[in-house]
$ cat data-v1.txt   # compact mmCIF, C-alpha atoms
# COMPACT_ATOMS: atom_id res chain seq x y z
CA MET A 104 -12.43 -42.25 16.86
CA VAL A 105 -12.13 -38.57 17.66
CA ARG A 106 -15.08 -36.54 16.45
CA ARG A 107 -13.92 -33.44 14.58
CA MET A 108 -15.19 -30.31 16.28
CA ARG A 109 -14.71 -26.59 15.91
CA ARG A 110 -11.76 -25.14 17.77
CA ASP A 111 -13.92 -23.17 20.19
CA HIS A 112 -15.43 -26.27 21.79
CA LEU A 113 -12.76 -28.42 23.37
CA PHE A 114 -9.76 -26.94 25.14
CA PRO A 115 -8.28 -23.73 26.52
CA ARG A 116 -6.11 -21.59 24.28
CA PHE A 117 -2.69 -23.11 24.66
CA CYS A 118 0.74 -22.35 23.28
CA SER A 119 0.63 -18.69 24.22
CA GLY A 120 2.31 -17.49 27.39
CA SER A 121 -0.84 -16.91 29.43
CA TRP A 122 -1.96 -20.50 28.98
CA LEU A 123 1.30 -22.41 29.46
CA LEU A 124 0.20 -23.99 32.71
CA ALA A 125 -2.98 -25.27 31.12
CA ALA A 126 -1.01 -26.63 28.21
CA PHE A 127 1.40 -28.53 30.43
CA ALA A 128 -1.47 -29.97 32.40
CA LEU A 129 -3.21 -31.26 29.29
CA VAL A 130 -0.43 -32.46 27.04
CA GLY A 131 3.25 -33.09 27.17
CA SER A 132 4.01 -33.41 23.51
CA GLY A 133 3.62 -29.84 22.25
CA CYS A 134 1.03 -27.93 20.27
CA GLY A 135 1.13 -29.96 17.08
CA GLU A 136 -0.88 -32.91 18.39
CA ILE A 137 -3.38 -30.60 20.05
CA GLN A 138 -4.03 -28.77 16.82
CA ASP A 139 -4.58 -32.05 14.95
CA ILE A 140 -7.80 -32.61 16.95
CA ASN A 141 -8.88 -29.02 16.52
CA ALA A 142 -8.11 -27.61 19.95
CA ALA A 143 -10.22 -24.67 21.00
CA ARG A 144 -9.85 -21.21 22.42
CA PHE A 145 -10.90 -20.84 26.00
CA ILE A 146 -14.33 -19.23 26.20
CA ALA A 147 -13.36 -16.52 28.63
CA THR A 148 -15.05 -13.32 29.72
CA VAL A 149 -15.60 -11.08 26.74
CA GLY A 150 -12.60 -8.77 26.35
CA ILE A 151 -14.49 -5.47 26.51
CA PRO A 152 -13.91 -3.50 29.73
CA GLN A 153 -17.06 -2.89 31.73
CA LYS A 154 -16.20 0.75 32.38
CA THR A 155 -15.83 2.49 29.03
CA GLY A 156 -16.12 6.06 30.30
CA GLN A 157 -16.75 8.65 27.63
CA ILE A 158 -16.25 6.35 24.66
CA PRO A 159 -19.24 6.76 22.32
CA ILE A 160 -21.35 3.79 21.31
CA PHE A 161 -22.89 3.92 17.83
CA GLY A 162 -25.70 1.84 16.49
CA ALA A 163 -26.02 0.48 12.96
CA SER A 164 -28.76 -0.36 10.49
CA VAL A 165 -28.83 -2.98 7.74
CA VAL A 166 -28.74 -1.48 4.25
CA ARG A 167 -28.77 -4.73 2.28
CA THR A 168 -28.23 -8.45 2.78
CA TYR A 169 -26.31 -10.90 0.60
CA PRO A 170 -26.14 -14.70 0.70
CA HIS A 171 -23.26 -16.25 2.65
CA ASP A 172 -22.16 -19.87 2.88
CA LEU A 173 -23.70 -21.29 6.03
CA HIS A 174 -20.79 -23.75 6.28
CA ALA A 175 -18.11 -21.04 6.17
CA PHE A 176 -16.49 -20.63 9.59
CA THR A 177 -15.41 -17.08 8.76
CA GLN A 178 -12.03 -16.02 10.14
CA GLY A 179 -10.97 -13.31 7.68
CA LEU A 180 -12.85 -11.14 5.19
CA GLU A 181 -11.88 -8.51 2.64
CA TYR A 182 -13.53 -6.72 -0.28
CA TYR A 183 -11.36 -6.16 -3.34
CA GLY A 184 -12.13 -5.44 -6.98
CA GLY A 185 -15.83 -6.21 -6.72
CA TYR A 186 -15.35 -9.57 -4.94
CA LEU A 187 -15.14 -10.81 -1.39
CA TYR A 188 -12.10 -12.75 -0.26
CA GLU A 189 -12.63 -14.99 2.73
CA SER A 190 -10.51 -17.19 4.97
CA THR A 191 -12.35 -19.98 6.78
CA GLY A 192 -11.26 -22.12 9.70
CA GLY A 193 -11.73 -25.68 10.88
CA ALA A 194 -9.38 -28.64 11.09
CA GLY A 195 -9.39 -30.26 7.68
CA GLN A 196 -11.88 -27.65 6.47
CA SER A 197 -9.88 -24.40 6.27
CA THR A 198 -9.98 -22.56 2.95
CA LEU A 199 -9.13 -19.41 1.07
CA ARG A 200 -12.01 -18.25 -1.14
CA LYS A 201 -12.94 -15.70 -3.77
CA VAL A 202 -16.68 -15.06 -3.56
CA ALA A 203 -19.15 -13.27 -5.84
CA LEU A 204 -20.81 -10.67 -3.62
CA GLU A 205 -24.29 -10.65 -5.16
CA ALA A 206 -24.77 -14.41 -5.43
CA GLY A 207 -22.56 -15.58 -2.58
CA GLU A 208 -21.05 -18.10 -5.00
CA VAL A 209 -17.52 -19.36 -4.41
CA ILE A 210 -15.59 -18.65 -7.61
CA GLU A 211 -12.15 -19.86 -6.55
CA LYS A 212 -11.04 -21.86 -3.55
CA VAL A 213 -7.83 -23.22 -2.07
CA SER A 214 -8.05 -25.84 0.68
CA LEU A 215 -5.36 -25.67 3.37
CA PRO A 216 -3.55 -28.86 4.42
CA SER A 217 -5.47 -30.46 7.28
CA GLN A 218 -2.93 -29.53 9.96
CA TYR A 219 -3.58 -25.80 9.44
CA PHE A 220 -6.44 -23.77 10.87
CA GLY A 221 -7.18 -20.78 8.64
CA GLU A 222 -7.39 -17.32 10.21
CA GLY A 223 -7.27 -13.67 9.09
CA LEU A 224 -6.38 -12.50 5.60
CA THR A 225 -5.62 -9.32 3.71
CA ILE A 226 -4.75 -8.26 0.15
CA PHE A 227 -1.69 -6.05 -0.30
CA ARG A 228 0.31 -5.16 -3.41
CA GLY A 229 -1.11 -7.91 -5.57
CA LYS A 230 -0.79 -10.68 -3.01
CA ILE A 231 -3.09 -12.38 -0.54
CA TYR A 232 -1.72 -12.94 2.96
CA GLN A 233 -3.39 -15.56 5.16
CA LEU A 234 -2.72 -16.44 8.78
CA THR A 235 -3.09 -19.75 10.58
CA TRP A 236 -4.06 -20.08 14.22
CA LEU A 237 -1.50 -22.13 16.19
CA SER A 238 1.05 -23.04 13.54
CA LYS A 239 2.91 -19.70 13.66
CA LYS A 240 2.94 -19.71 9.89
CA GLY A 241 1.25 -17.58 7.26
CA PHE A 242 0.79 -18.16 3.54
CA VAL A 243 1.22 -15.81 0.58
CA TYR A 244 -0.78 -16.26 -2.64
CA ASP A 245 -0.77 -14.57 -6.01
CA LEU A 246 -4.00 -12.58 -6.18
CA ARG A 247 -4.87 -13.50 -9.75
CA SER A 248 -3.93 -17.16 -9.91
CA PHE A 249 -4.53 -18.12 -6.24
CA ARG A 250 -1.23 -19.98 -6.45
CA LYS A 251 0.74 -20.11 -3.21
CA VAL A 252 3.98 -18.19 -3.70
CA GLY A 253 5.44 -18.06 -0.21
CA GLU A 254 5.18 -18.52 3.54
CA PHE A 255 6.09 -16.36 6.53
CA PRO A 256 6.68 -17.02 10.24
CA TYR A 257 5.47 -15.22 13.35
CA ASP A 258 5.92 -15.86 17.05
CA THR A 259 2.34 -15.58 18.30
CA GLU A 260 -1.05 -17.07 17.58
CA GLY A 261 -2.58 -15.79 14.36
CA TRP A 262 -6.02 -14.15 14.58
CA GLY A 263 -6.81 -11.05 12.47
CA LEU A 264 -4.96 -9.41 9.57
CA THR A 265 -5.26 -6.13 7.66
CA HIS A 266 -2.87 -3.49 6.28
CA ASP A 267 -2.24 0.21 5.88
CA ASP A 268 -0.19 1.70 3.03
CA LYS A 269 3.11 0.33 4.40
CA SER A 270 2.59 -2.59 6.75
CA LEU A 271 0.66 -5.73 7.46
CA ILE A 272 -1.29 -5.35 10.71
CA MET A 273 -1.91 -8.45 12.81
CA SER A 274 -3.78 -9.41 15.98
CA ASP A 275 -3.10 -12.44 18.16
CA GLY A 276 -6.14 -12.60 20.46
CA THR A 277 -4.60 -10.45 23.21
CA ASN A 278 -4.81 -6.65 23.31
CA LYS A 279 -1.70 -6.34 21.14
CA ILE A 280 -1.67 -5.33 17.48
CA ARG A 281 1.57 -5.78 15.58
CA TYR A 282 2.76 -4.05 12.43
CA LEU A 283 4.79 -6.32 10.14
CA ASP A 284 7.16 -5.43 7.33
CA PRO A 285 5.56 -7.02 4.21
CA VAL A 286 8.95 -8.15 2.88
CA SER A 287 10.89 -9.37 5.93
CA PHE A 288 7.77 -9.97 8.08
CA GLY A 289 9.64 -8.55 11.05
CA VAL A 290 7.66 -6.65 13.66
CA THR A 291 8.20 -2.92 13.17
CA ARG A 292 5.79 -1.63 15.78
CA THR A 293 3.40 -2.88 18.46
CA VAL A 294 0.40 -1.05 19.86
CA GLU A 295 -1.77 -2.16 22.75
CA VAL A 296 -5.53 -1.68 22.63
CA TYR A 297 -7.05 0.16 25.58
CA ALA A 298 -10.44 1.65 26.36
CA ARG A 299 -10.02 4.44 28.90
CA GLY A 300 -7.05 2.75 30.54
CA GLU A 301 -8.42 -0.80 30.52
CA ALA A 302 -6.99 -3.41 28.18
CA VAL A 303 -9.29 -4.76 25.49
CA SER A 304 -8.46 -8.45 24.97
CA ASN A 305 -9.67 -10.97 22.38
CA VAL A 306 -9.00 -8.56 19.50
CA ASN A 307 -9.87 -10.64 16.46
CA GLU A 308 -10.67 -9.89 12.78
CA LEU A 309 -9.35 -6.52 11.55
CA GLU A 310 -10.11 -3.98 8.82
CA TYR A 311 -8.15 -0.78 8.24
CA ILE A 312 -10.59 2.03 7.35
CA ASN A 313 -9.62 5.68 6.85
CA GLY A 314 -6.81 5.67 9.39
CA GLU A 315 -8.62 3.57 11.98
CA ILE A 316 -8.58 -0.15 12.71
CA PHE A 317 -12.02 -1.72 12.98
CA ALA A 318 -11.82 -4.90 15.07
CA ASN A 319 -14.15 -7.69 16.02
CA ILE A 320 -13.84 -8.65 19.68
CA TRP A 321 -14.23 -12.41 19.98
CA HIS A 322 -17.60 -13.37 21.53
CA SER A 323 -18.80 -9.77 21.50
CA SER A 324 -21.48 -8.06 19.44
CA ARG A 325 -19.44 -4.86 19.27
CA ILE A 326 -16.85 -3.67 16.79
CA ALA A 327 -14.06 -1.50 18.19
CA ARG A 328 -12.88 1.54 16.25
CA ILE A 329 -9.23 1.81 17.24
CA ASP A 330 -6.76 4.63 16.73
CA ALA A 331 -4.14 2.99 14.54
CA HIS A 332 -1.28 4.92 16.17
CA SER A 333 -2.14 4.93 19.86
CA GLY A 334 -4.28 1.81 20.20
CA GLN A 335 -6.98 3.73 22.04
CA VAL A 336 -10.59 2.76 21.35
CA LEU A 337 -12.25 5.78 19.76
CA ALA A 338 -15.77 4.35 19.59
CA TRP A 339 -17.81 1.17 19.70
CA ILE A 340 -20.26 0.01 17.03
CA ASP A 341 -22.98 -2.01 18.72
CA LEU A 342 -24.41 -4.75 16.48
CA ALA A 343 -26.37 -6.59 19.18
CA SER A 344 -29.67 -6.32 17.29
CA ILE A 345 -28.08 -7.87 14.18
CA VAL A 346 -26.25 -10.59 16.08
CA SER A 347 -29.42 -11.63 17.92
CA LYS A 348 -31.07 -12.40 14.58
CA GLU A 349 -28.13 -14.03 12.81
CA GLN A 350 -26.26 -16.00 15.48
CA HIS A 351 -27.58 -19.55 15.76
CA GLY A 352 -25.21 -21.37 18.11
CA ASP A 353 -22.66 -20.44 20.76
CA GLU A 354 -19.74 -20.24 18.35
CA ALA A 355 -21.57 -18.71 15.40
CA VAL A 356 -20.28 -15.34 16.55
CA LEU A 357 -19.90 -12.04 14.77
CA ASN A 358 -16.62 -12.19 12.85
CA GLY A 359 -15.75 -10.61 9.52
CA ILE A 360 -15.43 -6.96 8.49
CA ALA A 361 -14.89 -5.77 4.93
CA TYR A 362 -14.86 -2.27 3.47
CA ASP A 363 -15.48 -1.12 -0.09
CA LYS A 364 -13.54 2.12 -0.17
CA ALA A 365 -14.74 3.24 -3.62
CA GLY A 366 -18.38 2.67 -2.76
CA ASP A 367 -18.04 3.57 0.93
CA ARG A 368 -19.77 0.33 1.92
CA LEU A 369 -19.19 -1.58 5.15
CA PHE A 370 -19.90 -5.32 5.28
CA VAL A 371 -20.10 -7.67 8.27
CA THR A 372 -20.83 -11.36 8.76
CA GLY A 373 -20.22 -14.12 11.27
CA LYS A 374 -19.07 -17.69 11.62
CA ASN A 375 -21.55 -20.02 9.91
CA TRP A 376 -23.94 -17.17 9.16
CA SER A 377 -26.26 -17.49 6.17
CA LYS A 378 -26.02 -13.78 5.40
CA LEU A 379 -23.46 -11.10 4.76
CA LEU A 380 -24.81 -7.67 5.66
CA GLU A 381 -24.05 -4.21 4.37
CA ILE A 382 -24.52 -1.88 7.31
CA LYS A 383 -24.65 1.85 7.90
CA VAL A 384 -23.26 3.19 11.15
CA GLU A 385 -25.72 5.62 12.70
CA GLY A 386 -24.65 9.23 12.90
CA GLY A 387 -24.86 9.72 16.65
CA PRO A 388 -23.86 7.67 19.68
CA GLN A 389 -26.48 5.77 21.61
$ encode --input "data-v1.txt" --output "structure tokens"
Amino acid sequence: MVRRMRRDHLFPRFCSGSWLLAAFALVGSGCGEIQDINAARFIATVGIPQKTGQIPIFGASVVRTYPHDLHAFTQGLEYYGGYLYESTGGAGQSTLRKVALEAGEVIEKVSLPSQYFGEGLTIFRGKIYQLTWLSKKGFVYDLRSFRKVGEFPYDTEGWGLTHDDKSLIMSDGTNKIRYLDPVSFGVTRTVEVYARGEAVSNVNELEYINGEIFANIWHSSRIARIDAHSGQVLAWIDLASIVSKEQHGDEAVLNGIAYDKAGDRLFVTGKNWSKLLEIKVEGGPQ
């Protein structure tokens, strides 16, 4: 009997070009069987360049804490209409959720079929868009009813998802961010994320905030503030002091950014964290 484990524990990241050799060495029957036993991303060196030059680093303080489901392996997070919307991962455990902010109570939930590993999500024009990790397939739901109303394909792994006023914006775990047409789902533009000339890999959960893309970097305690047009990192938000208190386990990493535009509130959480935190970014770089 195969014990079901989180994806980050077992195997390298296969089925993307940089890991083809590893994939061929491990399995000859394609990605589908690997995903069924919850294959994992390769725990590589954190994707932040060591030489960040003149890029400012900001600290942050906790304004308020809210309860968060300790069993939620958070992959996507968004604030909309007074509620949190969350996508969770895990083979046979992936969900889409509507959550009451104050109580942390799950109000509505859709469970994904067991072959899909839930990833990033965003809400755009009355619909919820949710990615899956290796399946190269996303799902579309009606915002009010939570009923699935469509699917869409993509050619990469699915990691983070957000949007601006025209496009869906997607990460795939590399340093590339793709803009997708929300009707045809074709790629309209690709930007590459760099910090002073060095590629920033492992770009994960995304949130579009006032013309910038805020991004978690997988296995890092920093959030990147990225110029949405050029891909250049404008600043880092260092949450090391928060992560050290909240992360209990190697894979319980910082992941999940949500922004309340009307209230100008910024929320963060992590995988299997017991808290969601409202934070305030400090005014000056460290």
$ closest_residue --input "data-v1.txt" --among "A:Arg200, A:Arg328, A:Lys269, A:Arg299" --to "Ser248 of chain A" --atoms "all atoms listed in the file"
A:Arg200
$ atom_distance --input "data-v1.txt" --atom1 "atom CA of Glu315 of chain A" --atom2 "atom CA of Lys374 of chain A"
23.7 Å
$ closest_atom_pairs --input "data-v1.txt" --of "segment 195-310 of chain A" --to "segment 165-182 of chain A" --cutoff "12 Å" --atoms "all atoms listed in the file" --output "JSON lines"
{"residue": "A:Gln196", "atom": "CA", "partner": "A:Phe176", "partner_atom": "CA", "distance": 9.0}
{"residue": "A:Ser197", "atom": "CA", "partner": "A:Phe176", "partner_atom": "CA", "distance": 8.3}
{"residue": "A:Thr198", "atom": "CA", "partner": "A:Ala175", "partner_atom": "CA", "distance": 8.9}
{"residue": "A:Leu199", "atom": "CA", "partner": "A:Gly179", "partner_atom": "CA", "distance": 9.2}
{"residue": "A:Arg200", "atom": "CA", "partner": "A:Leu180", "partner_atom": "CA", "distance": 9.6}
{"residue": "A:Lys201", "atom": "CA", "partner": "A:Tyr182", "partner_atom": "CA", "distance": 9.7}
{"residue": "A:Val202", "atom": "CA", "partner": "A:His171", "partner_atom": "CA", "distance": 9.1}
{"residue": "A:Ala203", "atom": "CA", "partner": "A:Pro170", "partner_atom": "CA", "distance": 9.7}
{"residue": "A:Leu204", "atom": "CA", "partner": "A:Tyr169", "partner_atom": "CA", "distance": 6.9}
{"residue": "A:Glu205", "atom": "CA", "partner": "A:Tyr169", "partner_atom": "CA", "distance": 6.1}
{"residue": "A:Ala206", "atom": "CA", "partner": "A:Pro170", "partner_atom": "CA", "distance": 6.3}
{"residue": "A:Gly207", "atom": "CA", "partner": "A:Pro170", "partner_atom": "CA", "distance": 4.9}
{"residue": "A:Glu208", "atom": "CA", "partner": "A:Asp172", "partner_atom": "CA", "distance": 8.2}
{"residue": "A:Val209", "atom": "CA", "partner": "A:Asp172", "partner_atom": "CA", "distance": 8.7}
{"residue": "A:Phe220", "atom": "CA", "partner": "A:Gln178", "partner_atom": "CA", "distance": 9.6}
{"residue": "A:Gly221", "atom": "CA", "partner": "A:Gln178", "partner_atom": "CA", "distance": 7.0}
{"residue": "A:Glu222", "atom": "CA", "partner": "A:Gln178", "partner_atom": "CA", "distance": 4.8}
{"residue": "A:Gly223", "atom": "CA", "partner": "A:Gly179", "partner_atom": "CA", "distance": 4.0}
{"residue": "A:Leu224", "atom": "CA", "partner": "A:Gly179", "partner_atom": "CA", "distance": 5.1}
{"residue": "A:Thr225", "atom": "CA", "partner": "A:Glu181", "partner_atom": "CA", "distance": 6.4}
{"residue": "A:Ile226", "atom": "CA", "partner": "A:Glu181", "partner_atom": "CA", "distance": 7.6}
{"residue": "A:Phe227", "atom": "CA", "partner": "A:Glu181", "partner_atom": "CA", "distance": 10.9}
{"residue": "A:Ile231", "atom": "CA", "partner": "A:Glu181", "partner_atom": "CA", "distance": 10.1}
{"residue": "A:Tyr232", "atom": "CA", "partner": "A:Gly179", "partner_atom": "CA", "distance": 10.4}
{"residue": "A:Gln233", "atom": "CA", "partner": "A:Gly179", "partner_atom": "CA", "distance": 8.3}
{"residue": "A:Leu234", "atom": "CA", "partner": "A:Gly179", "partner_atom": "CA", "distance": 8.9}
{"residue": "A:Thr235", "atom": "CA", "partner": "A:Gln178", "partner_atom": "CA", "distance": 9.7}
{"residue": "A:Trp236", "atom": "CA", "partner": "A:Gln178", "partner_atom": "CA", "distance": 9.8}
{"residue": "A:Gly261", "atom": "CA", "partner": "A:Gln178", "partner_atom": "CA", "distance": 10.4}
{"residue": "A:Trp262", "atom": "CA", "partner": "A:Gln178", "partner_atom": "CA", "distance": 7.7}
{"residue": "A:Gly263", "atom": "CA", "partner": "A:Gly179", "partner_atom": "CA", "distance": 6.7}
{"residue": "A:Leu264", "atom": "CA", "partner": "A:Gly179", "partner_atom": "CA", "distance": 7.4}
{"residue": "A:Thr265", "atom": "CA", "partner": "A:Glu181", "partner_atom": "CA", "distance": 8.6}
{"residue": "A:His266", "atom": "CA", "partner": "A:Glu181", "partner_atom": "CA", "distance": 10.9}
{"residue": "A:Met273", "atom": "CA", "partner": "A:Gly179", "partner_atom": "CA", "distance": 11.5}
{"residue": "A:Ser274", "atom": "CA", "partner": "A:Gly179", "partner_atom": "CA", "distance": 11.7}
{"residue": "A:Asn307", "atom": "CA", "partner": "A:Gln178", "partner_atom": "CA", "distance": 8.6}
{"residue": "A:Glu308", "atom": "CA", "partner": "A:Gly179", "partner_atom": "CA", "distance": 6.1}
{"residue": "A:Leu309", "atom": "CA", "partner": "A:Gly179", "partner_atom": "CA", "distance": 8.0}
{"residue": "A:Glu310", "atom": "CA", "partner": "A:Glu181", "partner_atom": "CA", "distance": 7.9}
$ atom_distance --input "data-v1.txt" --atom1 "atom CA of Leu237 of chain A" --atom2 "atom CA of Tyr297 of chain A"
24.8 Å
$ atom_distance --input "data-v1.txt" --atom1 "atom CA of Asp367 of chain A" --atom2 "atom CA of Ser347 of chain A"
25.5 Å
$ residues_near_point --input "data-v1.txt" --point "(-24.1, -1.0, 14.6)" --cutoff "9 Å" --atoms "all atoms listed in the file" --output "ChimeraX atom specification"
/A:160-165,324-326,339-345,382-385
$ closest_residue --input "data-v1.txt" --among "A:Gln157, A:Ser214, A:Ser190, A:Ser270" --to "Asn358 of chain A" --atoms "all atoms listed in the file"
A:Ser190
